[in-house]
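Novice: If you scroll down you'll find the structure; I have some questions about it.
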Amino acid sequence: MKKLLLTGFEPFGGERINPALEAVRSVKNTIGSLQIVKLQVPVVYREAGRVVCEAMEKEKPDAIICIGQAGGRDAVTPERVAINVMDAASPDNAGQVMTDELIETDGPAAYFATLPVKQMVKSVQEKAIPCRISNTAGTYVCNSLIYDVLHYARRNMPHVKACFIHVPHIPEQTQDKPQMPSLPLEKIVEAIEAIIENCL
Ligand code: PCA
């Protein structure tokens with residue numbers, strides 16, 4: 001049976017929940033002939049990458065999809081690219097603030113996702129769920145995680161394909177912020193399952 005490693009970030013930034021982790025927990029454990037192995041990831045620079053790369057060694061997955069929250073976005077957004085920088089005003093969950101730091105001193109400026117992001121968008125839009133490509137995963141922990149995963153895969157498991165998907169807030173998180181977009185958790189789960197079914 002083929003195996004997918006599906007990761008979701010823990011809550012961060014003072015939030016009680018992270019829709020990425022909630023969605024990962026709700027995704028089916030088997031989809032077609034694919035076994036889904038799930039992993040919770042800390043919102044901590046470098047530690048996030050270490051945890052996922054360790055799971056890659058242990059589980060030897062055929063593909064990896066990492067999920068994170070992008071508050072303010074109104075659609076599911078597969079990320080096209082990861083860039084070699086950590087730079088954000090917000091601290092991570094260990095209190096670290098990064099400014100203009102390279103993720104890998106000997107790494108390239110960027111890696112493209114190695115799973116088919118355009119096909120992902122199509123398969124989610126077919127379910128009438130908002131979805132579009134994103135050309136930046138930001139410069140916070142999500143970007144650094146997928147950079148680390150693509151870097152590790154390129155060097156150590158070149159046949160393993162990976163990508164990152166950002167998801168919006170869920171309505172429970174935006175009750176006191178009516179201007180903030182959100183998407184119900186069931187729609188996020190349906191989108192991730194459609195992506196797994198059609199793109200792996
Ligand atoms: N989103 C953050 C980090 C964890 C998460 O879910 C980001 O976009 O970098």
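Following the order of the structure tokens, first chain is A, next is B, and so on, with residues numbered from 1 inside each chain and ligands from 1 in the order they appear.
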Select from region 25-174 of chain A everything DSSP, run on the backbone, classes as strand (DSSP E), then give the selection as a ChimeraX atom specification.

Specialist: /A:30-31,34-41,63-69,77-78,81-83,110-112,161-167

Novice: Would you give me, as a tab-separated table, each residue of chain A having an atom within 10 Å of an atom of ligand 1, along with its shortest atom pair and that distance in Å to one decimal, using only C-alpha atoms and all ligand atoms and sorting by chain and residue number?

Specialist:
residue	atom	partner	partner_atom_place_in_ligand_line	distance
A:Gly8	CA	ligand 1	6 (O)	7.2
A:Phe9	CA	ligand 1	6 (O)	4.9
A:Glu10	CA	ligand 1	6 (O)	6.8
A:Pro11	CA	ligand 1	6 (O)	6.8
A:Phe12	CA	ligand 1	4 (C)	6.5
A:Gly13	CA	ligand 1	4 (C)	8.7
A:Ile17	CA	ligand 1	6 (O)	9.6
A:Asn18	CA	ligand 1	6 (O)	6.3
A:Pro19	CA	ligand 1	6 (O)	7.8
A:Ala20	CA	ligand 1	6 (O)	6.3
A:Leu21	CA	ligand 1	6 (O)	8.1
A:Val41	CA	ligand 1	4 (C)	8.7
A:Pro42	CA	ligand 1	4 (C)	8.0
A:Val43	CA	ligand 1	4 (C)	5.3
A:Val44	CA	ligand 1	3 (C)	8.3
A:Tyr45	CA	ligand 1	3 (C)	9.3
A:Ala48	CA	ligand 1	4 (C)	9.5
A:Cys66	CA	ligand 1	6 (O)	9.5
A:Ile67	CA	ligand 1	6 (O)	7.0
A:Gly68	CA	ligand 1	6 (O)	3.5
A:Gln69	CA	ligand 1	6 (O)	3.8
A:Ala70	CA	ligand 1	8 (O)	5.2
A:Gly71	CA	ligand 1	1 (N)	7.9
A:Met86	CA	ligand 1	9 (O)	9.8
A:Ala88	CA	ligand 1	9 (O)	9.1
A:Ser90	CA	ligand 1	9 (O)	9.9
A:Asp92	CA	ligand 1	3 (C)	8.0
A:Asn93	CA	ligand 1	4 (C)	9.4
A:Thr136	CA	ligand 1	8 (O)	9.9
A:Ala137	CA	ligand 1	8 (O)	6.6
A:Gly138	CA	ligand 1	9 (O)	6.4
A:Thr139	CA	ligand 1	9 (O)	6.8
A:Tyr140	CA	ligand 1	9 (O)	4.2
A:Val141	CA	ligand 1	9 (O)	4.2
A:Cys142	CA	ligand 1	9 (O)	3.6
A:Asn143	CA	ligand 1	9 (O)	5.9
A:Ser144	CA	ligand 1	9 (O)	7.8
A:Leu145	CA	ligand 1	9 (O)	8.5
A:Ile146	CA	ligand 1	9 (O)	9.9
A:Phe164	CA	ligand 1	8 (O)	10.0
A:Ile165	CA	ligand 1	8 (O)	9.5
A:His166	CA	ligand 1	8 (O)	7.0
A:Val167	CA	ligand 1	6 (O)	8.3
A:Pro168	CA	ligand 1	6 (O)	9.7
A:His169	CA	ligand 1	6 (O)	9.9

Novice: Between CA of Pro61 (chain A) and CA of Asn135 (chain A), measure the distance and give it in Å to one decimal.

Specialist: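 Distance reported for this atom pair: 25.6 Å.
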
Novice: Excluding same-chain residues fewer than 3 positions from Lys58 (chain A), what lies within 12 Å of it counting only C-alpha atoms, as a list in words?

Specialist: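 Within the cut-off, the hits are Lys3, Leu5, Val37, Val51, Val52, Cys53, Glu54, Ala55 and Pro61 of chain A.
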
Novice: Keeping only N, CA, C and O atoms, write those residues as a short mmCIF file (atom, residue, chain, number, x, y, z; two decimals), in the first residue's frame.

Specialist:
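Now in part05.cif:
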data_model
loop_
_atom_site.label_atom_id
_atom_site.label_comp_id
_atom_site.auth_asym_id
_atom_site.auth_seq_id
_atom_site.Cartn_x
_atom_site.Cartn_y
_atom_site.Cartn_z
N LYS A 3 1.86 5.20 0.73
CA LYS A 3 1.69 5.94 1.97
C LYS A 3 1.84 7.44 1.74
O LYS A 3 2.75 7.88 1.03
N LEU A 5 2.26 10.98 3.93
CA LEU A 5 2.45 11.65 5.23
C LEU A 5 1.72 12.99 5.16
O LEU A 5 2.01 13.82 4.29
N VAL A 37 -0.77 8.69 6.87
CA VAL A 37 -0.12 8.77 8.18
C VAL A 37 -0.13 10.23 8.59
O VAL A 37 0.32 11.10 7.83
N VAL A 51 11.08 17.52 12.86
CA VAL A 51 10.03 16.55 13.19
C VAL A 51 9.51 15.86 11.91
O VAL A 51 9.34 14.64 11.87
N VAL A 52 9.30 16.64 10.86
CA VAL A 52 8.74 16.05 9.63
C VAL A 52 9.80 15.20 8.91
O VAL A 52 9.50 14.10 8.43
N CYS A 53 11.04 15.66 8.87
CA CYS A 53 12.09 14.88 8.20
C CYS A 53 12.34 13.56 8.94
O CYS A 53 12.58 12.52 8.32
N GLU A 54 12.23 13.58 10.26
CA GLU A 54 12.35 12.34 11.04
C GLU A 54 11.23 11.37 10.68
O GLU A 54 11.46 10.17 10.53
N ALA A 55 10.01 11.91 10.54
CA ALA A 55 8.88 11.06 10.16
C ALA A 55 9.06 10.52 8.74
O ALA A 55 8.66 9.40 8.43
N PRO A 61 7.37 7.59 3.37
CA PRO A 61 6.14 7.83 2.59
C PRO A 61 6.46 8.00 1.11
O PRO A 61 7.62 8.27 0.73
#

Novice: Using only C-alpha atoms, find the one residue out of A:Arg155, A:Gly72, A:Arg46, A:Pro78 that sits nearest to Ile103 (chain A).

Specialist: A:Arg46

Novice: Tell me, as a PyMOL selection string, which residues lie within 8 Å of Asn198 (chain A), counting only C-alpha atoms; anything in the same chain fewer than 6 positions away does not count.

Specialist: chain A and resi 119-120+123

Novice: With C-alpha atoms kept, could you save the residues just selected as a PDB file, in the first residue's frame?

Specialist:
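File selection.pdb, as written:
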ATOM      1  CA  GLN A 119      -4.194  19.877 -10.807  1.00  0.00           C
ATOM      2  CA  MET A 120      -4.965  20.267  -7.087  1.00  0.00           C
ATOM      3  CA  SER A 123      -9.878  19.065  -8.344  1.00  0.00           C
TER       4      SER A 123
END
